[in-house]
Amino acid sequence: MATTGLASSATGKFDSVTPPKASSLPEDLVKQLLVNLDDDIKQLKDDKSFDLEGLLAYQRTANYLSAAQIFLRDNGLLTRDLKTEDVKKRLLGHWGTCPGLNFAYAHTNNLITQHETDEGAPYFMFLTGPGHGAPALLSTLFMEGAITRFYPEYPMSREGLESFIRAFSLPGGFPSHVNAETPGAIHEGGELGYCLAVAYGSVMDKPDHITVAVIGDGESETGPTATAWHAHKYLDPAESGAVLPILHLNGFKIGERTIAGTMDDLEIACLFTGYGYQVRIVEYEGATSDHEHDTAINYDMATSMEWAYQEIKKIQTAARSGKPITKPRWPLIVMRTPKGWTGPRKSAGNPIEGSWRAHQVPLPKAAADDKEFGLLEQWLKSYGPQELFHTEVNSGASKAHNSVNKASGIIDDVALRIIPKDQQRRMGMVDATYRGFQPLQAPDWKDFTHKLDEPVSNMKAVGSYVAEIIKKNPTSFRIFSPDEITSNKLDEALEVSHRNFQWDPETANNGGRVIEMLSEHTLQGWMQGYTLTGRHALFPSYESFLGIVQTMIEQYAKFVKMALDTQWRGDVAGLTYIETSTLWRQEHNGYSHQNPGLIGSFIGLPRHLARIYLPADANCSVSTIDHCLRSKNNINLVIGSKNPTRGWLTAEEAERHCIAGASVWTNYSSDGGRDPDIVLVGCGVEVTFEVIAAAAILRNNGVKVRVVNINDLLILGAIGAHPHALTQDAFDSLFTADKPVIINFHGYPKDMASLLFNRNAHVGRSRFDILGYIEEGTTTTPWSMLRLNNTSRYTLADIAVQRVLRDQPNHPVGVRAHELSSFWQHQLVLHDRYTKEHGEDPAWCGEVPDLEDNAA
């Protein structure tokens with residue numbers, strides 16, 4: 001029997017690793033906290049049906065393929081003597097985590113195979129936090145046939161396998177980290193921290209699914225992962241599946257030890273027991289011979305996986321029989337294996353295996369340095385590729401070789417025995433990971449609109465609509481929100497559902513479509529896992545804090561972009577975010593709660609994916625949310641408002657306006673908007689109110705005004721830059737081709753300016769003025785925010801007169817220009833005095849001036 005790699009040729013403990021210092025906690029706690037399976041391991045050793053040979057052969061094959069992908073561009077199966085020319089010119093990839101991932105994947109496969117014929121057997125998904133361990137995932141996916149199924153250019157033949165090895169980190173091939181091109185993946189592996197939350201989201205409302213989530217010990221240091229360890233407390237086992245977390249504790253990051261790598265068993269046990277888990281440690285112990293060591297850790301892991309599976313079943317059976325366990329302690333496995341396990345032990349006198357040097361490419365000079373090249377050759381041969389691959393009889397891509405069911409043509413049958421027989425249970429082919437989309441059942445949004453003379457909160461109107469969505473989609477729609485759903489006026493959802501917090505005795509074991517947690521990171525991960533496995537979700541949050549997950553949104557957008565370019569992936573529901581408690585109404589929270597910066601981030605997302613909506617009233621808000629929740633394959637940002645305001649458009653007018661993305665509001669314009677002196681543009685709730693008020697003031701003073709409102713912000717982008725971008729003719733039909741334009745914008749003026757930059761009307765050389773938030777105002781009155789940021793009706797009117805006279809020096813308003821400007825500036829001073837004396841705005845701030853008989 002071949003060895004499993006160079007590491008196994010030495011005896012005893014790994015001398016390159018200094019073990020963690022012992023903690024000062026009482027030693028007897030370990031026996032109380034850690035799960036002991038000694039008797040079960042002994043029983044498994046007596047089980048003649050246990051396929052230890054298959055497990056070892058599988059791991060050898062996967063480890064060989066992982067190393068070969070990183071290093072070889074030719075002669076991938078060592079069918080001849082290795083030459084330096086066979087080594088890739090650019091060595092990319094992360095070897096250190098690969099053997100541990102292959103080990104975990106092998107044992108998950110073994111568990112599935114042991115139970116795939118059981119009645120009600122679950123489907124398994126496999127997510128990896130160490131995203132750069134792609135060589136491991138790609139190797140196991142090739143072995144199970146998923147690569148050939150989705151990429152027939154890599155058939156199960158000698159030529160196909162060698163092409164596959166060459167393709168890793170090669171232009172046009174597979175990237176160095178897990179992404180949407182990787183079968184089974186629902187997680188972009190480029191940024192650490194999200195895996196565990198995504199895993200929990202993937203099993204919500206999927207009672208017949210289990211997700212194994214391998215979390216790297218480096219990843220476990222991240223903030224998103226730290227809060228995600230609590231995710232099991234929000235999982236109702238009666239309605240949802242389960243997650244089996246595996247902490248891959250190999251001790252090192254790219255250049256130093258991990259925090260978990262410095263913790264002993266007792267500290268690990270106390271930490272995760274405190275989180276609410278049952279903790280089982282599976283550890284590479286070292287042994288007196290290769291076979292003893294390989295046998296010991298594989299018996300241990302197989303026993304631990306079976307224990308975890310039975311614990312999950314126990315918790316679920318109790319909940320589904322109406323006798324749920326209070327605060328069930330879900331299983332967790334801590335997997336201690338050396339970094340770069342089975343790789344080269346040392347190079348140039350420095351330890352590699354079991355140290356940080358194994359993290360990426362352990363022999364970076366293999367193509368140029370004779371000693372490193374010799375170590376590479378010795379390393380690859382140590383797996384016994386001549387036993388693993390039958391190259392002498394497989395030189396063509398026959399039908400048998402192309403079959404995703406039968407890889408035995410090129411890979412030895414022994415290595416494939418633990419792979420599930422049922423293709424749909426192979427983790428790279430599970431339907432939920434790539435074709436689980438279910439259309440949303442949506443009501444008629446017009447049933448939730450309001451009369452124009454009825455002041456109503458935009459978010460209250462949305463809440464009524466969302467409550468009906470919950471009724472119609474009881475197992476495929478969830479709201480993921482920080483502790484803000486009531487504050488954000490979506491509380492009508494709680495009249496038809498519950499909060500789903502299993503550790504709260506008031507909400508436990510009662511289902512619920514609303515999940516609140518004060519971790520935007522965990523909520524984002526849940527929503528991603530939930531939607532990428534076929535369901536729908538809504539994420540409402542305060543405007544200033546949704547930016548916390550900006551990079552997560554960007555990583556998700558990259559995943560969706562690549563998914564759309566990957567032909568075999570199906571649709572996914574659009575992600576919809578609602579920002580409320582916006583900067584214009586932070587009179588009770590102040591400066592810290594004023595940040596519209598996520599708009600700029602969304603503008604930078606892949607152009608065909610991003611949507612940014614700023615509905616100006618309740619009817620437009622409901623129409624917009626209806627569109628967003630029914631959308632597919634994009635990311636929607638809706639800027640909401642929770643304070644009551646009057647309506648501007650009827651349901652029919654709102655429908656036409658939202659379809660167009662922007663329109664001239666003829667009811668508030670001079671002569672229906674024809675031949676204006678100036679164009680006033682509103683984009684956002686409060687700033688649009690001021691536009692309409694300013695239009696009335698100007699019309700009463702003889703200035704002809706066209707009022708335009710923008711609901712779909714990205715229509716302003718350059719032609720071809722966005723699917724909704726206006727043609728130049730459409731742009732001119734809204735804003736005219738030559739009249740001055742003032743835009744009153746909800747967010748930072750720079751974001752609006754960036755959209756207009758490539759237009760003929762570019763702000764730096766023409767007729768556009770952009771007003772918006774300029775970082776002024778703190779705890780103050782609502783209208784003071786408008787005054788302080790120069791977006792008030794009086795500021796708009798003053799600038800408008802200046803622009804009209806610049807364009808038309810002989811305009812009649814010029815006679816009174818100085819008088820009007822002085823009066824309007826005085827009104828701002830009076831407002832400032834009033835608020836400081838009374839602590840509130842005067843009544844006129846919430847009113848639109850009446851039009852006089854001689855209004856333009």
# chains A, B, ... in the order shown; residues from 1 in each chain; ligands from 1
$ closest_atom_pairs --of "segment 739-811 of chain A" --to "segment 686-703 of chain A" --cutoff "6 Å" --atoms "only C-alpha atoms" --output "JSON lines"
{"residue": "A:Asn744", "atom": "CA", "partner": "A:Val687", "partner_atom": "CA", "distance": 5.7}
{"residue": "A:Ser792", "atom": "CA", "partner": "A:Glu690", "partner_atom": "CA", "distance": 5.9}
{"residue": "A:Arg793", "atom": "CA", "partner": "A:Ala694", "partner_atom": "CA", "distance": 4.5}
{"residue": "A:Ala797", "atom": "CA", "partner": "A:Ala694", "partner_atom": "CA", "distance": 5.6}
$ closest_atom_pairs --of "segment 165-236 of chain A" --to "segment 112-127 of chain A" --cutoff "10 Å" --atoms "only C-alpha atoms" --output "tab-separated table"
residue	atom	partner	partner_atom	distance
A:Val178	CA	A:Leu127	CA	9.5
A:Gly184	CA	A:Met125	CA	7.0
A:Ala185	CA	A:Leu127	CA	6.7
A:Ile186	CA	A:Leu127	CA	7.6
A:His187	CA	A:Leu127	CA	7.3
A:Gly189	CA	A:Leu127	CA	9.6
A:Cys195	CA	A:Leu127	CA	6.6
A:Leu196	CA	A:Leu127	CA	8.3
A:Val198	CA	A:Leu127	CA	8.5
A:Ala199	CA	A:Leu127	CA	6.9
A:Ser202	CA	A:Met125	CA	8.7
A:Val203	CA	A:Met125	CA	9.2
A:Lys206	CA	A:Tyr123	CA	9.7
A:Pro207	CA	A:Pro122	CA	8.2
A:Asp208	CA	A:Pro122	CA	4.7
A:His209	CA	A:Tyr123	CA	4.7
A:Ile210	CA	A:Phe124	CA	4.9
A:Thr211	CA	A:Met125	CA	4.5
A:Val212	CA	A:Phe126	CA	4.9
A:Ala213	CA	A:Leu127	CA	4.8
A:Val214	CA	A:Leu127	CA	6.3
A:Ile215	CA	A:Leu127	CA	8.6
$ atom_distance --atom1 "atom CA of Cys658 of chain A" --atom2 "atom CA of Gln728 of chain A"
19.4 Å
$ select_by_dssp --residues "segment 187-379 of chain A" --states "helix (DSSP H, G or I)" --output "PyMOL selection string"
chain A and resi 195-203+219-221+223-228+231-234+260-262+265-275+290-320+356-358+370-379
$ closest_residue --among "A:Ala180, A:Ile774, A:Val664, A:Ala104" --to "Thr433 of chain A" --atoms "only C-alpha atoms"
A:Ala180
$ atom_distance --atom1 "atom CA of Gly354 of chain A" --atom2 "atom CA of Gly96 of chain A"
8.6 Å
$ select_by_dssp --residues "segment 297-344 of chain A" --states "strand (DSSP E or B)" --output "PyMOL selection string"
chain A and resi 330-336
$ write_last_selection --atoms "N, CA and C atoms" --output "PDB file, in the first residue's frame"
ATOM      1  N   TRP A 330     -26.270  21.688  19.263  1.00  0.00           N
ATOM      2  CA  TRP A 330     -25.937  21.087  17.975  1.00  0.00           C
ATOM      3  C   TRP A 330     -24.471  20.641  17.967  1.00  0.00           C
ATOM      4  N   PRO A 331     -24.149  19.651  17.166  1.00  0.00           N
ATOM      5  CA  PRO A 331     -22.769  19.143  17.141  1.00  0.00           C
ATOM      6  C   PRO A 331     -21.823  20.076  16.386  1.00  0.00           C
ATOM      7  N   LEU A 332     -20.577  20.099  16.817  1.00  0.00           N
ATOM      8  CA  LEU A 332     -19.506  20.829  16.151  1.00  0.00           C
ATOM      9  C   LEU A 332     -18.241  19.986  16.234  1.00  0.00           C
ATOM     10  N   ILE A 333     -17.526  19.903  15.124  1.00  0.00           N
ATOM     11  CA  ILE A 333     -16.280  19.137  15.085  1.00  0.00           C
ATOM     12  C   ILE A 333     -15.109  20.094  14.922  1.00  0.00           C
ATOM     13  N   VAL A 334     -14.133  19.957  15.796  1.00  0.00           N
ATOM     14  CA  VAL A 334     -12.872  20.684  15.657  1.00  0.00           C
ATOM     15  C   VAL A 334     -11.853  19.712  15.076  1.00  0.00           C
ATOM     16  N   MET A 335     -11.353  20.024  13.902  1.00  0.00           N
ATOM     17  CA  MET A 335     -10.483  19.107  13.162  1.00  0.00           C
ATOM     18  C   MET A 335      -9.053  19.645  13.201  1.00  0.00           C
ATOM     19  N   ARG A 336      -8.232  19.058  14.074  1.00  0.00           N
ATOM     20  CA  ARG A 336      -6.831  19.467  14.197  1.00  0.00           C
ATOM     21  C   ARG A 336      -5.972  18.610  13.262  1.00  0.00           C
TER      22      ARG A 336
END
